[in-house]
Amino acid sequence: EFSPTNRMHCATAIVMEWVLASENAEIVTSFGSMNGYASLEEIIMALFVHHCQTNKSDCRYLAEIRDLIENMTHVPFAKHKPVIGREIFQVESGIHVDGIMKNSYCYEPYNPERVGQKREIILGKKSGRASLTLKMKKLHMKLCDCLLPQILQQVKELAVEKNDHVTDHEFIRIVNDVSRNNSVSSLTSEAREG
C-alpha cells in the first residue's frame, strides 16, 4: 500500500508514476487532498486522460461530492483546485475563448460536464470579440458587428473599474446603451444631411 503525503506538493504525480509502473498498485488517497494525501479526483482524471482507467465510472458526481463535503465541513475547496474547483472552467481571455470555440481539447483535457461542471465564458479586461460573440449568442442577442469594438471597450473599462468580471446583467445594459447611442447618433447625422 502506497500513501505519499502532499508535503512537497507532488503526491498526485508520485501516485500516478506508481500506478502507471505497477499492475496492482494499492494507493491511499483522499478527496480534495484532505489530510495531505494525494487527490483522489485528480488521480481519477489523470487516469482518464492517460486512457488507463479500466472502469469508465461516471465522474459527474465529483462536483456533488465537493458540495457535500463543503456543506459538512463548512470549509470551501480552493476555487481553482484542479478538477473540482468552482472556477476552473471560467474562461475570460479572448484567445482562449476563440480556441475553445474551435477545438475545446486545445485548452481542456476533458469536457467540464464529465466532472459535473459547466464551462462559463466571463467578460472582463482580457476579453475579446470572440467572447462577446459567444456571450451574445448565449443570451440570444443579435447586434451589428460594427458595434462590437465600442461594446468591448466599455466591457473592459467596467471590468477594470470594478476589478472583477462583468455580469450578464451589466453586459446587457452596456449593449443596450451602445445600441441606443448609435441609433441616436445615426438619426442625428441623417437629420444634418437632410
# chains A, B, ... in the order shown; residues from 1 in each chain; ligands from 1
$ residues_around --residues "Glu70 in chain A" --least-positions-apart "3" --cutoff "12 Å" --atoms "only C-alpha atoms" --output "number ranges by chain"
A: 31-32, 34, 63-67, 73-78, 84-86
$ write_last_selection --atoms "all heavy atoms" --output "compact mmCIF listing (two decimals), in the first residue's frame"
# COMPACT_ATOMS: atom_id res chain seq x y z
N PHE A 31 -10.18 12.68 -0.94
CA PHE A 31 -10.88 13.61 -1.82
C PHE A 31 -10.40 15.02 -1.52
O PHE A 31 -10.36 15.45 -0.38
CB PHE A 31 -12.39 13.51 -1.62
CG PHE A 31 -13.17 14.24 -2.66
CD1 PHE A 31 -13.48 13.64 -3.87
CD2 PHE A 31 -13.57 15.54 -2.46
CE1 PHE A 31 -14.18 14.31 -4.85
CE2 PHE A 31 -14.29 16.23 -3.43
CZ PHE A 31 -14.58 15.61 -4.63
N GLY A 32 -10.01 15.73 -2.57
CA GLY A 32 -9.58 17.12 -2.40
C GLY A 32 -8.28 17.30 -1.65
O GLY A 32 -8.02 18.36 -1.11
N MET A 34 -7.49 16.16 1.15
CA MET A 34 -7.71 16.33 2.59
C MET A 34 -6.73 15.45 3.36
O MET A 34 -6.35 14.39 2.91
CB MET A 34 -9.16 15.99 2.95
CG MET A 34 -10.16 16.97 2.33
SD MET A 34 -11.87 16.45 2.46
CE MET A 34 -12.13 16.54 4.22
N ALA A 63 -18.45 17.01 -8.57
CA ALA A 63 -18.88 18.34 -8.10
C ALA A 63 -19.88 18.20 -6.96
O ALA A 63 -19.86 18.99 -6.00
CB ALA A 63 -19.47 19.14 -9.25
N GLU A 64 -20.76 17.20 -7.04
CA GLU A 64 -21.73 16.99 -5.95
C GLU A 64 -21.02 16.54 -4.67
O GLU A 64 -21.40 16.96 -3.57
CB GLU A 64 -22.76 15.94 -6.36
CG GLU A 64 -23.73 16.45 -7.42
CD GLU A 64 -24.76 15.40 -7.79
OE1 GLU A 64 -25.18 14.62 -6.91
OE2 GLU A 64 -25.15 15.37 -8.96
N ILE A 65 -20.01 15.70 -4.81
CA ILE A 65 -19.23 15.26 -3.64
C ILE A 65 -18.54 16.47 -3.02
O ILE A 65 -18.51 16.63 -1.80
CB ILE A 65 -18.22 14.16 -4.02
CG1 ILE A 65 -18.96 12.90 -4.47
CG2 ILE A 65 -17.28 13.86 -2.87
CD1 ILE A 65 -18.08 11.85 -5.12
N ARG A 66 -17.96 17.34 -3.87
CA ARG A 66 -17.34 18.58 -3.39
C ARG A 66 -18.33 19.38 -2.56
O ARG A 66 -18.03 19.80 -1.44
CB ARG A 66 -16.85 19.41 -4.57
CG ARG A 66 -16.32 20.79 -4.19
CD ARG A 66 -16.38 21.78 -5.34
NE ARG A 66 -17.73 21.99 -5.80
CZ ARG A 66 -18.06 22.31 -7.04
NH1 ARG A 66 -17.14 22.44 -7.96
NH2 ARG A 66 -19.33 22.49 -7.38
N ASP A 67 -19.54 19.58 -3.10
CA ASP A 67 -20.56 20.36 -2.40
C ASP A 67 -20.94 19.72 -1.07
O ASP A 67 -21.09 20.41 -0.06
CB ASP A 67 -21.81 20.52 -3.27
CG ASP A 67 -21.55 21.33 -4.53
OD1 ASP A 67 -20.53 22.06 -4.58
OD2 ASP A 67 -22.37 21.25 -5.46
N THR A 73 -18.25 20.22 6.24
CA THR A 73 -17.09 20.76 6.96
C THR A 73 -17.12 22.28 7.11
O THR A 73 -16.37 22.83 7.91
CB THR A 73 -15.78 20.39 6.23
OG1 THR A 73 -15.78 20.99 4.93
CG2 THR A 73 -15.61 18.88 6.13
N HIS A 74 -17.96 22.93 6.31
CA HIS A 74 -18.03 24.41 6.28
C HIS A 74 -16.69 25.02 5.86
O HIS A 74 -16.37 26.15 6.23
CB HIS A 74 -18.48 24.99 7.62
CG HIS A 74 -19.81 24.47 8.06
ND1 HIS A 74 -20.98 24.84 7.45
CD2 HIS A 74 -20.15 23.59 9.04
CE1 HIS A 74 -21.98 24.22 8.04
NE2 HIS A 74 -21.51 23.45 9.00
N VAL A 75 -15.91 24.25 5.11
CA VAL A 75 -14.63 24.73 4.59
C VAL A 75 -14.65 24.55 3.07
O VAL A 75 -14.72 23.42 2.58
CB VAL A 75 -13.44 23.94 5.18
CG1 VAL A 75 -12.12 24.42 4.60
CG2 VAL A 75 -13.43 24.05 6.70
N PRO A 76 -14.61 25.65 2.32
CA PRO A 76 -14.65 25.52 0.86
C PRO A 76 -13.30 25.08 0.29
O PRO A 76 -12.25 25.40 0.84
CB PRO A 76 -14.99 26.93 0.39
CG PRO A 76 -14.48 27.82 1.46
CD PRO A 76 -14.60 27.05 2.75
N PHE A 77 -13.37 24.33 -0.80
CA PHE A 77 -12.15 23.98 -1.53
C PHE A 77 -11.71 25.23 -2.31
O PHE A 77 -12.52 26.10 -2.61
CB PHE A 77 -12.41 22.83 -2.51
CG PHE A 77 -12.60 21.51 -1.84
CD1 PHE A 77 -13.87 20.97 -1.67
CD2 PHE A 77 -11.52 20.80 -1.34
CE1 PHE A 77 -14.06 19.76 -1.05
CE2 PHE A 77 -11.69 19.59 -0.70
CZ PHE A 77 -12.97 19.06 -0.55
N ALA A 78 -10.45 25.29 -2.64
CA ALA A 78 -9.93 26.43 -3.42
C ALA A 78 -10.70 26.51 -4.74
O ALA A 78 -10.96 25.50 -5.39
CB ALA A 78 -8.44 26.25 -3.68
N ILE A 84 -12.09 19.90 -9.30
CA ILE A 84 -13.30 20.25 -8.55
C ILE A 84 -13.45 21.73 -8.25
O ILE A 84 -14.47 22.15 -7.69
CB ILE A 84 -13.39 19.45 -7.23
CG1 ILE A 84 -12.18 19.74 -6.34
CG2 ILE A 84 -13.55 17.97 -7.50
CD1 ILE A 84 -12.29 19.18 -4.94
N GLY A 85 -12.48 22.56 -8.59
CA GLY A 85 -12.57 23.99 -8.32
C GLY A 85 -13.74 24.62 -9.05
O GLY A 85 -14.01 24.31 -10.21
N ARG A 86 -14.46 25.50 -8.37
CA ARG A 86 -15.66 26.11 -8.95
C ARG A 86 -15.36 27.02 -10.14
O ARG A 86 -16.23 27.26 -10.96
CB ARG A 86 -16.40 26.91 -7.89
CG ARG A 86 -16.99 26.06 -6.81
CD ARG A 86 -17.76 26.89 -5.79
NE ARG A 86 -18.19 26.06 -4.69
CZ ARG A 86 -19.25 25.26 -4.72
NH1 ARG A 86 -19.98 25.21 -5.80
NH2 ARG A 86 -19.57 24.53 -3.68
$ residues_around --residues "His165 in chain A" --least-positions-apart "6" --cutoff "12 Å" --atoms "only C-alpha atoms" --output "short mmCIF file (atom, residue, chain, number, x, y, z; two decimals) with N, CA, C and O atoms, in the first residue's frame"
data_model
loop_
_atom_site.label_atom_id
_atom_site.label_comp_id
_atom_site.auth_asym_id
_atom_site.auth_seq_id
_atom_site.Cartn_x
_atom_site.Cartn_y
_atom_site.Cartn_z
N GLN A 90 -14.03 28.64 -15.94
CA GLN A 90 -14.38 30.00 -16.32
C GLN A 90 -13.29 30.51 -17.25
O GLN A 90 -12.11 30.42 -16.94
N VAL A 91 -13.71 31.04 -18.39
CA VAL A 91 -12.75 31.50 -19.39
C VAL A 91 -13.02 32.95 -19.70
O VAL A 91 -14.14 33.33 -20.00
N GLU A 92 -11.98 33.78 -19.60
CA GLU A 92 -12.12 35.21 -19.89
C GLU A 92 -11.32 35.63 -21.11
O GLU A 92 -11.79 36.38 -21.94
N SER A 93 -10.11 35.15 -21.22
CA SER A 93 -9.20 35.60 -22.27
C SER A 93 -9.78 35.35 -23.65
O SER A 93 -10.24 34.25 -23.96
N GLU A 120 -17.98 28.33 -18.45
CA GLU A 120 -18.62 29.64 -18.40
C GLU A 120 -17.69 30.68 -19.01
O GLU A 120 -16.54 30.81 -18.61
N ILE A 121 -18.20 31.37 -20.01
CA ILE A 121 -17.45 32.46 -20.62
C ILE A 121 -17.76 33.71 -19.81
O ILE A 121 -18.93 34.10 -19.70
N ILE A 122 -16.74 34.28 -19.20
CA ILE A 122 -16.95 35.50 -18.43
C ILE A 122 -16.30 36.67 -19.18
O ILE A 122 -15.34 36.49 -19.92
N LEU A 123 -16.87 37.83 -19.00
CA LEU A 123 -16.35 39.02 -19.67
C LEU A 123 -15.56 39.86 -18.69
O LEU A 123 -15.98 40.06 -17.55
N GLY A 124 -14.41 40.34 -19.15
CA GLY A 124 -13.55 41.15 -18.30
C GLY A 124 -12.53 41.90 -19.12
O GLY A 124 -12.66 42.04 -20.34
N LYS A 125 -11.48 42.34 -18.45
CA LYS A 125 -10.48 43.18 -19.13
C LYS A 125 -9.66 42.43 -20.17
O LYS A 125 -9.03 43.02 -21.02
N LYS A 126 -9.67 41.09 -20.13
CA LYS A 126 -8.92 40.30 -21.11
C LYS A 126 -9.79 39.75 -22.23
O LYS A 126 -9.33 39.01 -23.08
N SER A 127 -11.07 40.10 -22.22
CA SER A 127 -12.00 39.57 -23.22
C SER A 127 -11.70 40.12 -24.60
O SER A 127 -11.10 41.18 -24.75
N VAL A 155 -16.90 47.14 -21.87
CA VAL A 155 -16.77 45.96 -21.02
C VAL A 155 -15.44 45.99 -20.29
O VAL A 155 -15.36 45.78 -19.07
N LYS A 156 -14.36 46.28 -21.02
CA LYS A 156 -13.03 46.32 -20.42
C LYS A 156 -12.92 47.44 -19.38
O LYS A 156 -12.35 47.25 -18.30
N GLU A 157 -13.47 48.60 -19.70
CA GLU A 157 -13.43 49.72 -18.75
C GLU A 157 -14.18 49.39 -17.47
O GLU A 157 -13.69 49.67 -16.38
N LEU A 158 -15.35 48.79 -17.61
CA LEU A 158 -16.13 48.43 -16.42
C LEU A 158 -15.41 47.37 -15.59
O LEU A 158 -15.37 47.45 -14.36
N ALA A 159 -14.80 46.39 -16.25
CA ALA A 159 -14.08 45.33 -15.54
C ALA A 159 -12.90 45.90 -14.76
O ALA A 159 -12.65 45.51 -13.62
N PHE A 171 -23.61 43.43 -18.82
CA PHE A 171 -23.33 43.32 -20.25
C PHE A 171 -24.55 43.72 -21.08
O PHE A 171 -24.43 44.46 -22.06
#
$ residues_around --residues "Pro112 in chain A" --least-positions-apart "5" --cutoff "12 Å" --atoms "only C-alpha atoms" --output "VMD selection string"
chain A and resid 45 59 to 63 82 to 90 104 to 105 107 117 to 120
$ closest_residue --among "A:His50, A:Leu134, A:Asp168, A:Leu147" --to "Glu17 in chain A" --atoms "only C-alpha atoms"
A:His50
$ select_by_dssp --residues "chain A" --states "alpha helix (DSSP H)" --output "PyMOL selection string"
chain A and resi 11-21+40-49+62-73+94-102+129-138+148-162+168-193
$ residues_around --residues "Ile172 in chain A" --least-positions-apart "2" --cutoff "12 Å" --atoms "only C-alpha atoms" --output "ChimeraX atom specification"
/A:123,132,135-136,138-143,151,154-155,166-170,174-179
$ residues_around --residues "Ala25 in chain A" --least-positions-apart "6" --cutoff "8 Å" --atoms "only C-alpha atoms" --output "number ranges by chain"
A: 1-2, 18-19
$ select_by_dssp --residues "range 10-194 of chain A" --states "strand (DSSP E or B)" --output "number ranges by chain"
A: 27, 29-30, 37-39, 90-91, 120-121, 123, 166
$ write_last_selection --atoms "C-alpha atoms" --output "mmCIF file, in the first residue's frame"
data_model
loop_
_atom_site.group_PDB
_atom_site.id
_atom_site.type_symbol
_atom_site.label_atom_id
_atom_site.label_comp_id
_atom_site.auth_asym_id
_atom_site.auth_seq_id
_atom_site.Cartn_x
_atom_site.Cartn_y
_atom_site.Cartn_z
ATOM 1 C CA ILE A 27 -2.759 3.518 -3.040
ATOM 2 C CA THR A 29 -5.822 8.924 -1.445
ATOM 3 C CA SER A 30 -8.267 11.479 -0.138
ATOM 4 C CA TYR A 37 -2.797 12.743 0.804
ATOM 5 C CA ALA A 38 -2.865 12.548 -2.968
ATOM 6 C CA SER A 39 -6.040 13.928 -4.501
ATOM 7 C CA GLN A 90 -14.379 30.002 -16.323
ATOM 8 C CA VAL A 91 -12.750 31.497 -19.394
ATOM 9 C CA GLU A 120 -18.622 29.644 -18.395
ATOM 10 C CA ILE A 121 -17.449 32.459 -20.621
ATOM 11 C CA LEU A 123 -16.355 39.022 -19.669
ATOM 12 C CA VAL A 166 -18.778 41.920 -15.930
#
$ closest_residue --among "A:Gly99, A:Pro109, A:Gly128, A:Gly36" --to "Leu148 in chain A" --atoms "only C-alpha atoms"
A:Gly128
$ atom_distance --atom1 "CA of Met72 in chain A" --atom2 "CA of Thr12 in chain A"
24.6 Å
$ atom_distance --atom1 "CA of Gln150 in chain A" --atom2 "CA of Asp98 in chain A"
19.3 Å
